[in-house]
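Chemist: Just so it is clear, I am handing over coords.cif, which has mmCIF, C-alpha atoms.
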```cif
data_coords
#
loop_
_atom_site.label_atom_id
_atom_site.label_comp_id
_atom_site.auth_asym_id
_atom_site.auth_seq_id
_atom_site.Cartn_x
_atom_site.Cartn_y
_atom_site.Cartn_z
CA MET A 1 0.00 0.00 0.00
CA PRO A 2 1.57 3.34 -1.04
CA LEU A 3 2.50 5.74 1.73
CA GLY A 4 0.46 8.98 1.62
CA PHE A 5 1.57 12.42 2.76
CA SER A 6 0.03 11.81 6.17
CA GLY A 7 2.41 8.91 6.64
CA LEU A 8 5.58 10.96 6.07
CA CYS A 9 7.49 12.25 9.05
CA ASP A 10 7.21 15.94 9.92
CA ASP A 11 10.83 16.74 9.05
CA ILE A 12 10.48 15.39 5.50
CA LEU A 13 7.26 17.32 4.92
CA TYR A 14 8.85 20.51 6.24
CA LEU A 15 11.92 20.15 4.01
CA LEU A 16 9.68 19.33 1.04
CA GLY A 17 7.55 22.40 1.69
CA ARG A 18 10.57 24.67 2.03
CA SER A 19 12.13 23.30 -1.16
CA LEU A 20 8.89 23.80 -3.10
CA TYR A 21 8.50 27.32 -1.70
CA GLU A 22 11.98 28.30 -2.83
CA GLU A 23 11.40 26.93 -6.33
CA ASN A 24 7.76 27.93 -6.83
CA PRO A 25 5.63 29.30 -3.94
CA SER A 26 2.37 28.17 -5.59
CA ASP A 27 3.52 24.53 -5.33
CA ALA A 28 4.05 24.98 -1.60
CA HIS A 29 0.52 26.41 -1.33
CA THR A 30 -0.81 23.32 -3.11
CA LEU A 31 1.06 21.02 -0.71
CA MET A 32 -0.35 22.97 2.22
CA LEU A 33 -3.89 22.14 1.07
CA VAL A 34 -3.36 18.37 0.69
CA CYS A 35 -4.40 17.46 4.23
CA THR A 36 -4.54 18.80 7.77
CA LYS A 37 -1.05 17.51 8.59
CA THR A 38 0.65 19.16 5.61
CA ARG A 39 -1.22 22.40 6.35
CA GLN A 40 0.07 22.53 9.92
CA ILE A 41 3.65 21.79 8.86
CA VAL A 42 3.87 23.91 5.69
CA VAL A 43 2.06 27.02 6.99
CA PRO A 44 5.20 28.23 8.85
CA VAL A 45 7.07 28.05 5.53
CA VAL A 46 4.46 29.75 3.35
CA TYR A 47 3.64 32.48 5.88
CA SER A 48 7.15 33.23 7.09
CA SER A 49 7.23 36.14 4.63
CA VAL A 50 3.97 37.87 3.66
CA ARG A 51 3.69 40.64 1.06
CA LEU A 52 0.33 42.41 0.77
CA ARG A 53 -0.13 44.56 -2.33
CA GLY A 54 -3.30 46.46 -3.08
CA SER A 55 -6.48 46.97 -1.06
CA ARG A 56 -8.09 43.70 -2.14
CA GLN A 57 -5.16 41.51 -1.12
CA CYS A 58 -4.73 43.45 2.14
CA THR A 59 -8.41 43.05 2.98
CA GLN A 60 -8.64 39.35 2.18
CA THR A 61 -5.39 38.31 3.83
CA LEU A 62 -5.80 40.38 6.99
CA ARG A 63 -9.33 39.06 7.50
CA TYR A 64 -7.97 35.52 7.12
CA LEU A 65 -5.20 36.21 9.63
CA LYS A 66 -7.72 37.66 12.11
CA SER A 67 -9.72 34.44 11.85
CA ASN A 68 -6.58 32.29 12.08
CA PRO A 69 -4.23 34.02 14.52
CA TRP A 70 -2.06 30.89 14.79
CA VAL A 71 -1.10 31.48 11.14
CA ALA A 72 -0.16 35.09 11.89
CA SER A 73 2.15 33.88 14.65
CA HIS A 74 4.50 32.39 12.02
CA ILE A 75 5.05 35.65 10.10
CA ARG A 76 8.63 36.89 10.32
CA GLN A 77 8.56 39.49 7.54
CA LEU A 78 5.49 41.55 6.69
CA VAL A 79 5.38 43.95 3.73
CA VAL A 80 2.24 46.09 3.39
CA ASP A 81 1.53 48.22 0.31
CA PRO A 82 -2.18 49.16 0.51
CA ASN A 83 -2.17 51.33 -2.62
CA TYR A 84 -0.35 48.99 -4.98
CA GLN A 85 -1.96 48.70 -8.41
CA ARG A 86 -1.01 46.00 -10.86
CA THR A 87 -2.21 48.06 -13.82
CA THR A 88 -3.55 51.54 -14.36
CA ARG A 89 -7.01 49.99 -14.82
CA ASP A 90 -7.11 48.62 -11.28
CA THR A 91 -9.51 50.52 -9.07
CA ASP A 92 -10.19 50.23 -5.37
CA VAL A 93 -13.64 50.34 -3.87
CA VAL A 94 -12.57 52.76 -1.14
CA SER A 95 -10.17 55.64 -1.14
CA SER A 96 -6.51 55.02 -0.44
CA GLY A 97 -6.69 56.94 2.83
CA ALA A 98 -9.58 54.83 4.12
CA THR A 99 -7.79 51.66 3.03
CA GLU A 100 -4.62 52.58 4.87
CA ASP A 101 -6.55 53.48 8.04
CA TRP A 102 -8.38 50.15 8.00
CA VAL A 103 -5.17 48.17 7.34
CA ALA A 104 -3.35 49.96 10.16
CA HIS A 105 -6.29 49.31 12.53
CA VAL A 106 -6.31 45.57 11.76
CA LEU A 107 -2.54 45.35 12.14
CA GLU A 108 -2.85 46.85 15.61
CA GLU A 109 -5.43 44.18 16.47
CA LEU A 110 -3.15 41.45 15.07
CA ALA A 111 -0.03 42.70 16.85
CA PRO A 112 -0.41 40.40 19.90
CA HIS A 113 -0.28 37.41 17.56
CA LEU A 114 2.75 38.55 15.52
CA LYS A 115 5.16 37.04 18.04
CA ARG A 116 7.84 36.16 15.49
CA LEU A 117 7.76 39.37 13.45
CA THR A 118 11.28 40.77 12.97
CA ASP A 119 10.91 42.83 9.78
CA PHE A 120 7.98 45.19 9.08
CA ARG A 121 7.71 47.31 5.92
CA TRP A 122 5.00 49.91 5.40
CA ASP A 123 4.69 51.35 1.89
CA GLY A 124 1.66 53.59 2.21
CA SER A 125 1.16 57.16 1.09
CA CYS A 126 1.98 58.32 4.62
CA LEU A 127 2.63 56.91 8.09
CA PRO A 128 -0.32 55.24 9.84
CA LYS A 129 -2.33 58.01 11.49
CA SER A 130 -3.05 56.11 14.68
CA ARG A 131 -1.05 57.60 17.55
CA THR A 132 -0.68 54.18 19.17
CA PHE A 133 0.22 52.14 16.07
CA TRP A 134 4.00 51.95 16.50
CA GLN A 135 3.85 51.71 20.27
CA THR A 136 1.47 48.75 20.00
CA LEU A 137 3.50 47.08 17.27
CA GLN A 138 6.79 47.22 19.16
CA SER A 139 5.39 46.40 22.59
CA GLU A 140 3.51 43.34 21.29
CA CYS A 141 6.12 42.21 18.72
CA SER A 142 9.13 41.82 20.98
CA THR A 143 11.30 40.47 18.14
CA LEU A 144 10.71 43.46 15.82
CA GLU A 145 14.11 44.87 14.81
CA TYR A 146 13.81 46.10 11.21
CA ILE A 147 11.39 48.84 10.14
CA SER A 148 10.98 50.27 6.65
CA VAL A 149 8.47 53.07 6.05
CA SER A 150 7.28 55.38 3.31
CA ILE A 151 6.28 58.78 4.64
CA SER A 152 4.50 61.75 3.15
CA HIS A 153 6.48 64.95 2.76
CA GLN A 154 3.94 66.42 5.19
CA ASP A 155 4.32 63.78 7.92
CA PRO A 156 7.27 65.39 9.75
CA LEU A 157 5.34 68.65 10.00
CA PHE A 158 2.97 66.97 12.47
CA TRP A 159 5.51 64.99 14.48
CA ASP A 160 5.60 65.91 18.16
CA ASP A 161 6.32 64.36 21.55
CA THR A 162 3.25 62.11 21.25
CA THR A 163 4.23 60.59 17.88
CA SER A 164 4.66 56.88 18.60
CA PHE A 165 6.92 56.34 15.58
CA LEU A 166 9.57 58.54 17.19
CA LYS A 167 9.49 56.42 20.34
CA VAL A 168 10.68 53.26 18.59
CA ARG A 169 13.90 51.86 20.03
CA ASP A 170 16.33 48.92 19.82
CA LEU A 171 16.33 48.93 16.02
CA ARG A 172 18.80 46.99 13.94
CA GLY A 173 17.59 48.44 10.66
CA LEU A 174 15.65 51.55 9.61
CA SER A 175 14.66 52.58 6.09
CA VAL A 176 12.76 55.78 5.28
CA LYS A 177 11.49 56.91 1.89
CA ILE A 178 9.95 60.38 1.46
CA LYS A 179 7.06 60.54 -0.98
CA GLY A 180 6.05 63.85 -2.51
CA SER A 181 2.70 64.96 -3.83
CA SER A 182 1.63 64.19 -7.40
CA ASP A 183 0.50 67.80 -7.60
CA ALA A 184 3.25 69.69 -9.42
CA SER A 185 2.20 72.94 -7.76
CA SER A 186 2.68 71.57 -4.23
CA ASN A 187 5.68 72.33 -2.07
CA SER A 188 6.53 68.66 -1.57
CA ARG A 189 10.13 69.14 -2.63
CA TYR A 190 10.71 71.63 0.21
CA LEU A 191 10.77 69.10 3.05
CA SER A 192 14.42 69.60 3.98
CA LYS A 193 14.94 68.16 7.45
CA PHE A 194 13.71 65.84 10.19
CA PRO A 195 13.18 67.00 13.78
CA GLN A 196 15.91 66.12 16.28
CA SER A 197 13.56 63.57 17.89
CA PHE A 198 13.87 61.47 14.71
CA TRP A 199 17.65 61.32 14.96
CA ASP A 200 17.37 60.51 18.67
CA MET A 201 15.57 57.34 17.62
CA ILE A 202 18.73 55.95 16.00
CA HIS A 203 21.16 57.29 18.59
CA PRO A 204 23.38 54.51 20.02
CA SER A 205 21.77 55.04 23.42
CA ARG A 206 18.39 54.07 21.89
CA SER A 207 19.46 51.60 19.19
CA PRO A 208 22.96 50.35 20.07
CA ARG A 209 22.85 47.49 17.52
CA LEU A 210 21.78 49.56 14.50
CA HIS A 211 23.59 48.23 11.42
CA HIS A 212 21.30 49.10 8.49
CA LEU A 213 20.27 52.68 7.65
CA SER A 214 18.62 53.85 4.43
CA PHE A 215 17.13 57.15 3.22
CA ASP A 216 15.48 57.70 -0.15
CA THR A 217 13.16 60.14 -1.90
CA ASP A 218 11.01 60.05 -5.01
CA ILE A 219 12.28 63.45 -6.19
CA LEU A 220 15.68 65.07 -5.99
CA ARG A 221 15.59 67.16 -2.83
CA SER A 222 17.96 69.22 -0.72
CA PHE A 223 18.13 67.78 2.78
CA ASN A 224 19.90 68.47 6.05
CA PHE A 225 21.76 65.35 7.19
CA ASN A 226 23.97 67.19 9.68
CA PRO A 227 22.28 65.53 12.70
CA LEU A 228 23.13 62.15 11.17
CA PHE A 229 26.76 63.11 10.56
CA ALA A 230 27.03 64.21 14.18
CA LEU A 231 26.28 60.65 15.35
CA ARG A 232 28.84 57.90 15.81
CA LEU A 233 27.44 54.53 14.78
CA PRO A 234 30.25 51.98 15.16
CA SER A 235 27.97 49.00 14.43
CA LEU A 236 26.65 50.47 11.14
CA ASN A 237 27.11 47.89 8.40
CA ARG A 238 24.96 49.24 5.57
CA LEU A 239 24.25 52.89 4.64
CA THR A 240 22.17 54.13 1.72
CA VAL A 241 21.48 57.80 1.01
CA GLY A 242 19.55 58.22 -2.24
CA SER A 243 18.67 61.19 -4.42
CA PHE A 244 19.45 63.97 -1.97
CA VAL A 245 21.58 67.06 -2.18
CA PHE A 246 23.31 67.61 1.15
CA SER A 247 22.48 71.11 2.37
CA ASP A 248 24.88 73.22 4.44
CA PHE A 249 27.00 70.29 5.56
CA ALA A 250 30.56 70.39 6.81
CA THR A 251 32.85 68.05 4.90
CA ARG A 252 34.81 67.25 8.04
CA ASP A 253 31.66 66.08 9.86
CA LEU A 254 30.82 63.68 7.04
CA VAL A 255 34.39 62.37 6.92
CA GLU A 256 34.43 61.74 10.66
CA PHE A 257 31.03 60.05 10.51
CA LEU A 258 32.14 57.65 7.75
CA HIS A 259 35.51 57.12 9.36
CA SER A 260 33.84 56.06 12.61
CA ALA A 261 31.75 53.41 10.83
CA ARG A 262 34.51 50.81 10.83
CA SER A 263 32.09 47.95 10.18
CA LEU A 264 30.65 49.49 7.00
CA GLU A 265 30.36 46.93 4.18
CA HIS A 266 27.68 48.47 1.94
CA LEU A 267 27.71 52.18 1.04
CA GLU A 268 25.45 53.98 -1.43
CA ILE A 269 25.62 57.74 -1.22
CA ALA A 270 24.37 60.60 -3.37
CA PRO A 271 26.90 62.05 -5.84
CA VAL A 272 28.89 64.34 -3.57
CA ALA A 273 32.13 65.52 -5.15
CA ARG A 274 33.57 67.30 -2.13
CA ILE A 275 34.28 64.24 0.00
CA PRO A 276 38.04 63.64 0.44
CA TRP A 277 37.77 59.90 -0.04
CA ALA A 278 41.51 59.39 0.24
CA GLU A 279 41.26 60.35 3.92
CA ILE A 280 38.66 57.68 4.73
CA ASP A 281 39.65 54.09 5.34
CA PHE A 282 37.04 51.39 4.66
CA PRO A 283 38.66 48.15 5.82
CA ASN A 284 35.54 46.02 5.26
CA ILE A 285 33.74 47.72 2.36
CA GLN A 286 32.15 45.27 -0.13
CA HIS A 287 29.74 47.43 -2.15
CA TYR A 288 29.90 51.06 -3.21
CA GLY A 289 27.36 53.02 -5.22
CA GLY A 290 27.81 56.68 -6.04
CA ASN A 291 30.26 59.15 -7.50
CA ILE A 292 32.74 57.81 -10.06
CA PHE A 293 35.34 60.38 -9.00
CA SER A 294 35.44 58.91 -5.51
CA ILE A 295 37.01 55.81 -7.05
CA PHE A 296 39.69 57.97 -8.66
CA THR A 297 40.60 59.84 -5.48
CA GLY A 298 40.40 56.95 -3.05
CA ALA A 299 41.34 53.97 -5.19
CA THR A 300 43.63 52.39 -2.63
CA HIS A 301 40.78 52.31 -0.12
CA TRP A 302 38.41 50.38 -2.38
CA SER A 303 40.58 47.29 -2.82
CA THR A 304 38.08 45.03 -0.99
CA LEU A 305 35.12 45.95 -3.25
CA THR A 306 33.20 43.06 -4.77
CA SER A 307 30.32 45.20 -6.12
CA LEU A 308 30.48 48.66 -7.72
CA ASP A 309 27.65 50.88 -9.01
CA ILE A 310 28.64 54.18 -10.67
CA SER A 311 25.46 54.57 -12.71
CA CYS A 312 24.68 58.04 -11.35
CA PHE A 313 26.71 59.56 -14.21
CA ALA A 314 26.60 58.71 -17.91
CA LEU A 315 29.96 57.98 -19.54
CA SER A 316 31.01 57.32 -23.10
CA PHE A 317 32.79 54.05 -23.88
CA GLU A 318 36.03 56.00 -24.28
CA ARG A 319 35.70 57.65 -20.85
CA MET A 320 34.68 54.36 -19.28
CA THR A 321 37.75 52.66 -20.73
CA ALA A 322 39.90 55.50 -19.38
CA PHE A 323 38.24 55.03 -15.99
CA LEU A 324 39.10 51.33 -16.03
CA ARG A 325 42.75 52.08 -16.62
CA ARG A 326 42.78 54.05 -13.37
CA THR A 327 40.99 51.45 -11.27
CA SER A 328 43.12 48.36 -11.81
CA GLN A 329 43.29 47.91 -8.02
CA LEU A 330 39.76 46.46 -7.95
CA SER A 331 40.83 42.89 -8.60
CA SER A 332 38.13 41.44 -6.30
CA LEU A 333 35.20 43.02 -8.16
CA THR A 334 32.49 40.53 -9.22
CA THR A 335 29.54 42.88 -9.98
CA PHE A 336 29.79 46.13 -11.93
CA THR A 337 26.99 48.55 -12.86
CA PHE A 338 27.52 51.66 -14.99
CA ARG A 339 25.64 54.02 -17.29
CA VAL A 340 26.66 55.05 -20.80
CA THR A 341 25.37 57.55 -23.34
CA SER A 342 22.62 56.41 -25.69
CA GLU A 343 24.79 57.16 -28.70
CA ASP A 344 27.31 54.54 -27.61
CA VAL A 345 24.62 51.94 -26.89
CA HIS A 346 23.01 52.42 -30.29
CA SER A 347 26.40 51.96 -31.95
CA ALA A 348 27.34 48.81 -30.02
CA HIS A 349 28.32 46.68 -32.99
CA PRO A 350 31.58 44.80 -33.73
CA ASN A 351 33.21 47.96 -35.11
CA SER A 352 32.46 50.16 -32.08
CA ASN A 353 34.56 51.02 -29.07
CA PHE A 354 32.46 48.61 -27.06
CA PHE A 355 34.31 45.67 -28.57
CA GLY A 356 37.40 47.52 -29.79
CA ASP A 357 38.49 50.12 -32.34
CA GLY A 358 38.13 48.84 -35.84
CA GLY A 359 36.83 45.54 -34.58
CA ASP A 360 40.05 44.82 -32.67
CA PRO A 361 38.87 43.25 -29.38
CA ALA A 362 42.16 44.19 -27.71
CA LEU A 363 41.29 47.91 -27.63
CA GLY A 364 37.69 48.15 -26.51
CA LEU A 365 35.68 48.32 -23.32
CA LEU A 366 34.99 44.63 -22.73
CA PRO A 367 38.66 43.63 -22.96
CA ALA A 368 39.50 46.44 -20.56
CA LEU A 369 36.89 45.09 -18.14
CA ALA A 370 38.38 41.61 -18.42
CA CYS A 371 41.85 42.96 -17.73
CA CYS A 372 40.98 45.24 -14.79
CA PHE A 373 38.32 43.04 -13.19
CA PRO A 374 39.49 39.45 -13.74
CA ASN A 375 36.85 38.03 -11.36
CA LEU A 376 33.88 39.90 -12.86
CA GLN A 377 30.74 37.75 -13.04
CA SER A 378 27.87 40.22 -13.48
CA LEU A 379 27.96 43.28 -15.75
CA ASN A 380 24.97 45.64 -15.77
CA MET A 381 24.93 48.45 -18.29
CA ILE A 382 22.33 51.23 -18.16
CA ASN A 383 21.45 52.99 -21.40
CA SER A 384 21.05 56.71 -20.82
CA SER A 385 19.19 59.16 -23.03
CA GLY A 386 21.56 61.82 -21.72
CA SER A 387 23.27 63.01 -18.58
CA THR A 388 19.99 63.95 -16.91
CA LEU A 389 16.79 62.11 -16.08
CA PRO A 390 14.76 60.41 -17.46
CA TRP A 391 16.78 57.46 -18.66
CA VAL A 392 16.10 53.92 -19.80
CA LYS A 393 17.60 50.86 -18.23
CA SER A 394 19.09 48.15 -20.42
CA THR A 395 21.05 45.34 -18.83
CA LEU A 396 24.01 43.79 -20.58
CA HIS A 397 24.13 40.13 -19.67
CA ILE A 398 27.28 38.07 -19.98
CA SER A 399 26.47 34.41 -19.53
CA THR A 400 29.85 33.15 -20.66
CA TYR A 401 32.70 35.32 -19.46
CA ASN A 402 35.56 32.88 -19.03
CA LEU A 403 37.25 33.69 -22.32
CA LEU A 404 37.56 37.36 -21.39
CA MET A 405 39.02 36.60 -17.99
CA LYS A 406 42.32 35.27 -19.26
CA PRO A 407 44.11 37.70 -21.58
CA ILE A 408 47.13 36.18 -23.24
CA THR A 409 50.08 38.57 -23.75
CA GLY A 410 47.75 41.48 -24.47
CA VAL A 411 45.83 39.68 -27.23
CA TYR A 412 42.24 38.95 -26.24
CA PRO A 413 40.23 36.04 -27.63
CA CYS A 414 36.95 36.51 -29.47
CA LEU A 415 33.96 37.64 -27.48
CA PRO A 416 31.89 34.83 -25.96
CA GLN A 417 28.34 33.94 -26.85
CA GLY A 418 25.59 35.19 -24.57
CA ILE A 419 26.20 38.94 -24.85
CA TYR A 420 23.06 40.77 -25.84
CA PHE A 421 21.02 43.92 -25.37
CA PRO A 422 17.36 43.18 -24.60
CA GLU A 423 15.06 45.20 -26.82
CA GLN A 424 12.91 47.71 -24.95
CA PRO A 425 10.28 50.16 -26.14
CA ALA A 426 11.10 53.85 -26.22
CA PRO A 427 10.49 55.62 -22.90
CA HIS A 428 7.43 57.75 -22.37
CA ALA A 429 8.30 61.41 -22.18
CA GLY A 430 8.38 62.74 -18.66
CA THR A 431 8.62 59.33 -16.98
CA PRO A 432 11.70 59.53 -14.76
CA THR A 433 13.64 56.74 -13.15
CA PHE A 434 15.59 57.75 -10.08
CA TRP A 435 18.95 56.50 -8.96
CA GLY A 436 19.08 55.30 -5.40
#
```
I need this file expressed as structure tokens, please.
Modeler:
Amino acid sequence: MPLGFSGLCDDILYLLGRSLYEENPSDAHTLMLVCTKTRQIVVPVVYSSVRLRGSRQCTQTLRYLKSNPWVASHIRQLVVDPNYQRTTRDTDVVSSGATEDWVAHVLEELAPHLKRLTDFRWDGSCLPKSRTFWQTLQSECSTLEYISVSISHQDPLFWDDTTSFLKVRDLRGLSVKIKGSSDASSNSRYLSKFPQSFWDMIHPSRSPRLHHLSFDTDILRSFNFNPLFALRLPSLNRLTVGSFVFSDFATRDLVEFLHSARSLEHLEIAPVARIPWAEIDFPNIQHYGGNIFSIFTGATHWSTLTSLDISCFALSFERMTAFLRRTSQLSSLTTFTFRVTSEDVHSAHPNSNFFGDGGDPALGLLPALACCFPNLQSLNMINSSGSTLPWVKSTLHISTYNLLMKPITGVYPCLPQGIYFPEQPAPHAGTPTFWG
């Protein structure tokens, strides 16, 4: 008699469910519905990470979790995006504001059951309006350590001593994205600072284990990060500062802030040309994204880089090749992302400077990459329509790179198969894509 699922031991069912979930989550959902035993064992796998997008999915899933709180107890990561729309034709029955209020209210009710929640991400149009939301979430979810929020440009104007968000403590990761108004006549771009109570939230006395910090914005905005640069965060491992222009900052304060972050491995920072990178030592840095000139001035300090993103500026193939000649110290690099002018991309044929002058593969960009970055595995090229936004992304995939990794006495072999530019439609005018 064949052995059914109910006859398998719990460990085998759990491993089967986890394997199916990693390959195809829908298969794990199917396994969960086979019988009561598989449901009890596979639920912790399927519901360990929950992403709710759009009002309909938020409503249905949160109602299910309210009816089955034991399922909610297995959630470790919860991502909530109440206003997500799959297409422009999608419409919600209620307004976005009402949806967000209802979602936040239900999350407060569920908080006592979210005992394993460590990572919470809110991607609404603004912070939840309830004054007790964050206090309830952190007091009930004792394992909560990572918070990611989208805030309205107006939110900080109403922050005061009773704002529960500013009372959060013991964070290991905080990510904040500022969303402006869709109304072009609004003053959304003029939010230029956070109150001191926000920076107190990430002070080492409140969050001594903070290692992940990220700031982003949907429009280029001038912002005062001086209170951040005044902090000393020795445990900081990952720092991202997106499309901001630093206002009225002292270079020395920024240098001392970065210099104090000895554990920093991942750094993405807005294109700031005035940083004396040569004075900053990054003993553990693995990824850098930002200004190309910082690589020139501090090349000896980037020797441990395995990932580099300099796509904030568009370069011609000739300038990129010149850049590579000055960065030969990056022998550990495995992932490289850059942006080139559209003219070069459109002329990427065997006779262009992409492959080599006159078709000679020993003189072009790809051979230079192979020579300077012998361990490169992933190359991402962004096609720019110019040096300003908007721009179109096109990824250059190299599936077979081994031939380019081993130059022989300066003569490079033929380019491998698997190099291609995916065709993409022309961009719609006025549709920007922001670096960050």
Chemist: Mind pulling up the distance from CA of Leu210 (chain A) to CA of Cys141 (chain A)?
Modeler: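 CA of Cys141 (chain A) sits 17.8 Å away from CA of Leu210 (chain A).
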Chemist: Would you write out, as JSON, numbers by chain, every residue that the PyMOL selection byres ((chain A and resi 166) around 10) captures in this file?
Modeler: {"A": [134, 135, 159, 160, 161, 162, 163, 164, 165, 167, 168, 169, 195, 196, 197, 198, 199, 200, 201, 202]}
Chemist: Please indicate the distance in Å from CA of Arg252 (chain A) to CA of Val176 (chain A), rounded to one decimal place.
Modeler: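 For CA of Arg252 (chain A) relative to CA of Val176 (chain A), the distance reads 25.0 Å.
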Chemist: If I take CA of Ile310 (chain A) and CA of Leu379 (chain A), how far is one from the other in Å, to one decimal?
Modeler: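 Separating CA of Ile310 (chain A) from CA of Leu379 (chain A) is a distance of 12.0 Å.
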Chemist: Taking (27.2, 54.8, -17.5) in the coordinates of the supplied file, I want to know which residues reach to within 8 Å of it, counting all atoms listed in the file; could you give the answer as a list of chain:residue names?
Modeler: A:Ile310, A:Ser311, A:Cys312, A:Phe313, A:Ala314, A:Leu315, A:Ser316, A:Met320, A:Thr337, A:Phe338, A:Arg339, A:Val340, A:Thr341, A:Met381, A:Ile382, A:Asn383, A:Ser384
Chemist: To test your reading of the syntax: which residues would the PyMOL selection byres ((chain A and resi 284) around 7) return for the file shown? Reply as a count of residues only.
Modeler: 8
Chemist: For Arg121 (chain A), work out the shell of residues within 9 Å, counting only C-alpha atoms and skipping chain neighbours fewer than 3 positions away, then give it as a ChimeraX atom specification.
Modeler: /A:77-81,146-150,175
Chemist: What do you get, as a PyMOL selection string, if you spell out every residue that the PyMOL selection byres ((chain A and resi 76) around 12) selects here?
Modeler: chain A and resi 44-51+71-75+77-79+113-121+141-146
Chemist: Kindly export the residues of the current selection with C-alpha atoms, as a PDB file, keeping the file's coordinate frame.
Modeler:
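Generated output (out_18.pdb):
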```pdb
ATOM      1  CA  PRO A  44       5.200  28.230   8.850  1.00  0.00           C
ATOM      2  CA  VAL A  45       7.070  28.050   5.530  1.00  0.00           C
ATOM      3  CA  VAL A  46       4.460  29.750   3.350  1.00  0.00           C
ATOM      4  CA  TYR A  47       3.640  32.480   5.880  1.00  0.00           C
ATOM      5  CA  SER A  48       7.150  33.230   7.090  1.00  0.00           C
ATOM      6  CA  SER A  49       7.230  36.140   4.630  1.00  0.00           C
ATOM      7  CA  VAL A  50       3.970  37.870   3.660  1.00  0.00           C
ATOM      8  CA  ARG A  51       3.690  40.640   1.060  1.00  0.00           C
ATOM      9  CA  VAL A  71      -1.100  31.480  11.140  1.00  0.00           C
ATOM     10  CA  ALA A  72      -0.160  35.090  11.890  1.00  0.00           C
ATOM     11  CA  SER A  73       2.150  33.880  14.650  1.00  0.00           C
ATOM     12  CA  HIS A  74       4.500  32.390  12.020  1.00  0.00           C
ATOM     13  CA  ILE A  75       5.050  35.650  10.100  1.00  0.00           C
ATOM     14  CA  GLN A  77       8.560  39.490   7.540  1.00  0.00           C
ATOM     15  CA  LEU A  78       5.490  41.550   6.690  1.00  0.00           C
ATOM     16  CA  VAL A  79       5.380  43.950   3.730  1.00  0.00           C
ATOM     17  CA  HIS A 113      -0.280  37.410  17.560  1.00  0.00           C
ATOM     18  CA  LEU A 114       2.750  38.550  15.520  1.00  0.00           C
ATOM     19  CA  LYS A 115       5.160  37.040  18.040  1.00  0.00           C
ATOM     20  CA  ARG A 116       7.840  36.160  15.490  1.00  0.00           C
ATOM     21  CA  LEU A 117       7.760  39.370  13.450  1.00  0.00           C
ATOM     22  CA  THR A 118      11.280  40.770  12.970  1.00  0.00           C
ATOM     23  CA  ASP A 119      10.910  42.830   9.780  1.00  0.00           C
ATOM     24  CA  PHE A 120       7.980  45.190   9.080  1.00  0.00           C
ATOM     25  CA  ARG A 121       7.710  47.310   5.920  1.00  0.00           C
ATOM     26  CA  CYS A 141       6.120  42.210  18.720  1.00  0.00           C
ATOM     27  CA  SER A 142       9.130  41.820  20.980  1.00  0.00           C
ATOM     28  CA  THR A 143      11.300  40.470  18.140  1.00  0.00           C
ATOM     29  CA  LEU A 144      10.710  43.460  15.820  1.00  0.00           C
ATOM     30  CA  GLU A 145      14.110  44.870  14.810  1.00  0.00           C
ATOM     31  CA  TYR A 146      13.810  46.100  11.210  1.00  0.00           C
TER      32      TYR A 146
END
```
Chemist: Could you check which residues have any atom within 6 Å of (26.7, 63.1, 10.7), counting only C-alpha atoms with coordinates taken straight from the file, and then list them as a PDB file with C-alpha atoms, in the frame of the given file?
Modeler:
```pdb
ATOM      1  CA  ASN A 226      23.970  67.190   9.680  1.00  0.00           C
ATOM      2  CA  PRO A 227      22.280  65.530  12.700  1.00  0.00           C
ATOM      3  CA  LEU A 228      23.130  62.150  11.170  1.00  0.00           C
ATOM      4  CA  PHE A 229      26.760  63.110  10.560  1.00  0.00           C
ATOM      5  CA  ALA A 230      27.030  64.210  14.180  1.00  0.00           C
ATOM      6  CA  LEU A 231      26.280  60.650  15.350  1.00  0.00           C
ATOM      7  CA  ASP A 253      31.660  66.080   9.860  1.00  0.00           C
ATOM      8  CA  LEU A 254      30.820  63.680   7.040  1.00  0.00           C
ATOM      9  CA  PHE A 257      31.030  60.050  10.510  1.00  0.00           C
TER      10      PHE A 257
END
```
Chemist: From the list A:Arg319, A:Arg232, A:His153, A:His287, which residue is nearest Ala261 (chain A) when using all atoms listed in the file?
Modeler: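 Ranking A:Arg319, A:Arg232, A:His153, A:His287 by distance to Ala261 (chain A), first place goes to A:Arg232.
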Chemist: Emit as lines of an AutoDock Vina configuration file the padded axis-aligned box for all listed atoms of region 62-73 of chain A, 5 Å per side, with centre and edge lengths in Å to one decimal.
Modeler:
```
center_x = -3.8
center_y = 35.6
center_z = 10.9
size_x = 21.9
size_y = 19.5
size_z = 17.8
```
Chemist: Counting only C-alpha atoms, which of A:Pro204, A:Gly173, A:Pro82, A:Pro156 gets nearest to Thr61 (chain A)?
Modeler: A:Pro82
Chemist: Can you list, as a PyMOL selection string, every protein, DNA or RNA residue that comes within 12 Å of Val103 (chain A) when you count only C-alpha atoms, leaving out same-chain residues fewer than 5 positions away?
Modeler: chain A and resi 52-63+66+79-83+96-98+108-110+122-124+127-130+133
Chemist: Nearest to Asp155 (chain A) among A:Leu137, A:Leu191, A:Cys35, A:Cys372, with distances taken over only C-alpha atoms: which residue is it?
Modeler: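 Among the listed residues, the smallest separation from Asp155 (chain A) belongs to A:Leu191.
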Chemist: Please provide as a list of chain:residue names all residues within 6 Å of Tyr288 (chain A), with the sequence filter that same-chain residues fewer than 3 positions apart are discarded (counting all atoms listed in the file).
Modeler: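 Answer for this query is A:Leu267, A:Glu268, A:Leu308.
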